[in-house]
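> Structure provided below as structure tokens; questions to follow.
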Amino acid sequence: MWDGAVVDELRILLALAVALFVTGLTGVVVRRNALVMLMCMELMLNAVNLSLVTFAQRLDSTAGAVLVLLIFVVAAAEIAIAIPIVLLLVRRRHTLDLDAYADLKG
Amino acid sequence: METAIVYFFAATALASAMSMLFLRHPMQVALALIATMLSLAGVYALLGVHVIAIFQVLIYVGAVMVFMVYVIMLLNVRDRSFTQRFSLWLLPGIVAAVLLVVVLVRALWNSMPLFADPISFARFSLGMFSVAFLDEYWLHFELISVLLVAAVVAALAVIHVGRRSRG
């Protein structure tokens, strides 16, 4: 019913999804630049998409692929709101370093 | 052969994603992220999920990342985040990342369910997928268009607030 090579490929792809997600999370924690942090969040969304696509293909279901399309739209909406906020912050303090905004309140 | 190409794309995606952590200029990071997304699109195409591969290139690389690249060119700020790339959380962040990878991959290896081979890839061809999508998920389709409109209105509101606070 299943052979070893296929299952290995599934495992490798899911491990890749884990690695990409943790890389994105590390980038959000470790880097200073606001735009780089946004791009690392995009990388995390991509990792989740990879695991969804892998399972959808393996289980032969449409729902996973539809969920990936919804995540595409959520990523586009997130970028469309985050970029104007970053532009406003930079216009105010002339820096992308998020440590310069440590005095923000609620 | 096909498995080898999948592994090649997977290795490319992982290498360019790791390089995102170290590259200095945001433009280099953006190009590394585009390389990651294109390799993931290659993986999707080789898995037979052609619709997602096409939309990965069109939406992510074509829209989101082009927008990001424009903003990077617009804000060419040489500030502290350029000379000093990493925050104070560098060491705890890397330790936590290594631990998280070890725990998650071990859990993955120990509890992998067995799946049958997919019988056919026809479900994810463009025609069949579109029919299934708009037959079953038309409500979700309409709802995400509402979400997009809400995002556009929110972006305009943010810009409006910024203009008013500047006087």
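Please note that chains go A, B, ... in the order of the structure tokens, that every chain numbers its residues from 1, and that ligands are numbered from 1 in the order shown.
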I'd like the contact shell of Arg106 (chain B) - 12 Å cut-off, only C-alpha atoms, skipping same-chain residues fewer than 6 positions apart - returned as a ChimeraX atom specification.
/A:11,14-15,18 /B:99-100,112
> Restricting the output to C-alpha atoms, write the selected residues as a compact mmCIF listing (two decimals), in the first residue's frame.

```txt
# COMPACT_ATOMS: atom_id res chain seq x y z
CA ARG A 11 8.83 13.08 6.55
CA LEU A 14 7.38 17.99 7.15
CA ALA A 15 10.82 18.34 8.75
CA VAL A 18 9.40 22.63 10.91
CA LEU B 99 15.72 23.02 21.15
CA LEU B 100 12.43 23.62 19.30
CA MET B 112 4.29 9.52 11.80
```
> Excluding Val66 (chain A) and residues on its chain fewer than 3 positions from it, collect all residues at most 8 Å away from it, counting only C-alpha atoms, and give them as a PyMOL selection string.
(chain A and resi 62-63+69-70) or (chain B and resi 133+137)
> Within 8 Å of chain B, which residues of chain A show up? Give each one with its shortest atom-to-atom distance in Å (one decimal) and the two atoms involved, counting only C-alpha atoms, rows by chain then rising residue number, as a Markdown table.

```
| residue | atom | partner | partner_atom | distance |
| --- | --- | --- | --- | --- |
| A:Met1 | CA | B:Ala116 | CA | 5.9 |
| A:Trp2 | CA | B:Ala116 | CA | 5.4 |
| A:Val6 | CA | B:Asp117 | CA | 7.5 |
| A:Val7 | CA | B:Leu114 | CA | 7.6 |
| A:Glu9 | CA | B:Thr3 | CA | 7.3 |
| A:Arg11 | CA | B:Trp109 | CA | 7.4 |
| A:Leu13 | CA | B:Ala10 | CA | 7.4 |
| A:Leu14 | CA | B:Leu108 | CA | 7.9 |
| A:Ala15 | CA | B:Val105 | CA | 6.1 |
| A:Leu16 | CA | B:Ala10 | CA | 7.0 |
| A:Val18 | CA | B:Val101 | CA | 6.8 |
| A:Ala19 | CA | B:Val101 | CA | 6.5 |
| A:Leu20 | CA | B:Leu14 | CA | 6.6 |
| A:Val22 | CA | B:Ala97 | CA | 6.0 |
| A:Thr23 | CA | B:Met18 | CA | 6.5 |
| A:Gly24 | CA | B:Ala17 | CA | 7.9 |
| A:Leu25 | CA | B:Ala97 | CA | 7.8 |
| A:Thr26 | CA | B:Gly93 | CA | 5.9 |
| A:Gly27 | CA | B:Leu21 | CA | 5.7 |
| A:Val29 | CA | B:Gly93 | CA | 6.2 |
| A:Val30 | CA | B:Leu90 | CA | 5.0 |
| A:Arg31 | CA | B:Phe86 | CA | 4.7 |
| A:Arg32 | CA | B:Ser81 | CA | 5.4 |
| A:Asn33 | CA | B:Ser81 | CA | 5.3 |
| A:Leu35 | CA | B:Pro26 | CA | 6.9 |
| A:Val36 | CA | B:Pro26 | CA | 6.0 |
| A:Met39 | CA | B:Ala30 | CA | 7.1 |
| A:Cys40 | CA | B:Met20 | CA | 8.0 |
| A:Leu43 | CA | B:Leu33 | CA | 7.2 |
| A:Asn46 | CA | B:Met37 | CA | 7.5 |
| A:Leu50 | CA | B:Leu40 | CA | 7.4 |
| A:Val53 | CA | B:Tyr44 | CA | 7.3 |
| A:Thr54 | CA | B:Leu47 | CA | 7.9 |
| A:Gln57 | CA | B:Val49 | CA | 7.0 |
| A:Arg58 | CA | B:Pro118 | CA | 5.8 |
| A:Leu59 | CA | B:Pro118 | CA | 7.0 |
| A:Asp60 | CA | B:Pro118 | CA | 6.1 |
| A:Ser61 | CA | B:Arg123 | CA | 7.9 |
| A:Thr62 | CA | B:Arg123 | CA | 7.3 |
| A:Ala65 | CA | B:Ile52 | CA | 7.0 |
| A:Val66 | CA | B:Phe133 | CA | 7.0 |
| A:Val68 | CA | B:Ile52 | CA | 7.5 |
| A:Leu69 | CA | B:Ile52 | CA | 7.4 |
| A:Leu70 | CA | B:Ile144 | CA | 6.9 |
| A:Phe72 | CA | B:Ile59 | CA | 7.1 |
| A:Val73 | CA | B:Ile144 | CA | 6.9 |
| A:Ala76 | CA | B:Val64 | CA | 6.1 |
| A:Ala77 | CA | B:Ala151 | CA | 5.4 |
| A:Glu78 | CA | B:Ala151 | CA | 7.7 |
| A:Ile79 | CA | B:Val64 | CA | 7.0 |
| A:Ala80 | CA | B:Ala155 | CA | 6.5 |
| A:Ile81 | CA | B:Ala155 | CA | 5.0 |
| A:Ile83 | CA | B:Val71 | CA | 7.7 |
| A:Pro84 | CA | B:Ala155 | CA | 6.5 |
| A:Ile85 | CA | B:Val158 | CA | 6.8 |
| A:Leu88 | CA | B:Gly162 | CA | 6.3 |
| A:His94 | CA | B:Val77 | CA | 7.5 |
| A:Thr95 | CA | B:Asp79 | CA | 5.9 |
| A:Leu96 | CA | B:Ser81 | CA | 6.7 |
| A:Asp97 | CA | B:Ser81 | CA | 5.0 |
```
> Hey, can you spit out that residue selection with C-alpha atoms as a compact mmCIF listing (two decimals), in the first residue's frame?

```
# COMPACT_ATOMS: atom_id res chain seq x y z
CA MET A 1 0.00 0.00 0.00
CA TRP A 2 2.83 2.39 0.72
CA VAL A 6 7.20 7.97 -0.32
CA VAL A 7 6.94 8.06 3.46
CA GLU A 9 9.70 12.10 1.28
CA ARG A 11 8.83 13.08 6.55
CA LEU A 13 8.98 17.71 3.70
CA LEU A 14 7.38 17.99 7.15
CA ALA A 15 10.82 18.34 8.75
CA LEU A 16 11.54 21.08 6.21
CA VAL A 18 9.40 22.63 10.91
CA ALA A 19 12.86 23.99 10.04
CA LEU A 20 11.46 26.87 7.99
CA VAL A 22 11.63 27.80 13.44
CA THR A 23 13.95 29.81 11.18
CA GLY A 24 11.25 32.44 10.75
CA LEU A 25 10.55 32.51 14.48
CA THR A 26 14.26 32.90 15.22
CA GLY A 27 14.45 35.73 12.72
CA VAL A 29 13.31 37.16 17.81
CA VAL A 30 16.90 37.80 16.77
CA ARG A 31 16.90 40.55 14.15
CA ARG A 32 16.51 44.28 14.83
CA ASN A 33 15.20 45.53 11.51
CA LEU A 35 11.20 44.96 7.64
CA VAL A 36 13.36 41.87 8.16
CA MET A 39 9.74 39.03 6.09
CA CYS A 40 10.51 36.38 8.70
CA LEU A 43 8.55 32.80 6.05
CA ASN A 46 5.17 29.77 4.06
CA LEU A 50 4.18 23.71 3.07
CA VAL A 53 0.08 21.26 1.03
CA THR A 54 1.99 18.12 1.96
CA GLN A 57 -1.63 15.98 -1.31
CA ARG A 58 -1.06 12.89 0.81
CA LEU A 59 -4.66 12.69 2.04
CA ASP A 60 -6.00 13.64 -1.40
CA SER A 61 -8.29 16.33 0.01
CA THR A 62 -9.28 19.69 -1.41
CA ALA A 65 -5.40 23.41 -0.58
CA VAL A 66 -8.35 25.77 -0.02
CA VAL A 68 -3.61 27.48 1.73
CA LEU A 69 -5.42 29.90 -0.57
CA LEU A 70 -7.04 31.54 2.46
CA PHE A 72 -2.34 33.60 0.90
CA VAL A 73 -5.07 36.20 1.30
CA ALA A 76 -1.51 39.79 1.61
CA ALA A 77 -3.83 41.58 4.06
CA GLU A 78 -1.19 41.43 6.80
CA ILE A 79 1.44 43.00 4.56
CA ALA A 80 -1.04 45.62 3.34
CA ILE A 81 -1.64 46.77 6.93
CA ILE A 83 3.70 48.27 5.64
CA PRO A 84 1.78 51.56 6.20
CA ILE A 85 2.37 51.21 9.95
CA LEU A 88 4.44 55.91 9.67
CA HIS A 94 13.72 57.97 11.04
CA THR A 95 14.83 54.48 12.06
CA LEU A 96 13.85 50.87 11.37
CA ASP A 97 15.48 49.64 14.57
```
> Name the closest residue to Val90 (chain A) among the candidates A:Ala34, A:Leu67, A:Leu104, A:Val48; distances are taken between atoms, counting only C-alpha atoms.
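Under the stated criterion, the closest residue is A:Ala34.
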> List every residue of region 33-106 of chain A that DSSP, applied to the backbone of this structure, places in helix (DSSP H, G or I), and write the result as a PyMOL selection string.
chain A and resi 34-59+62-93+98-101
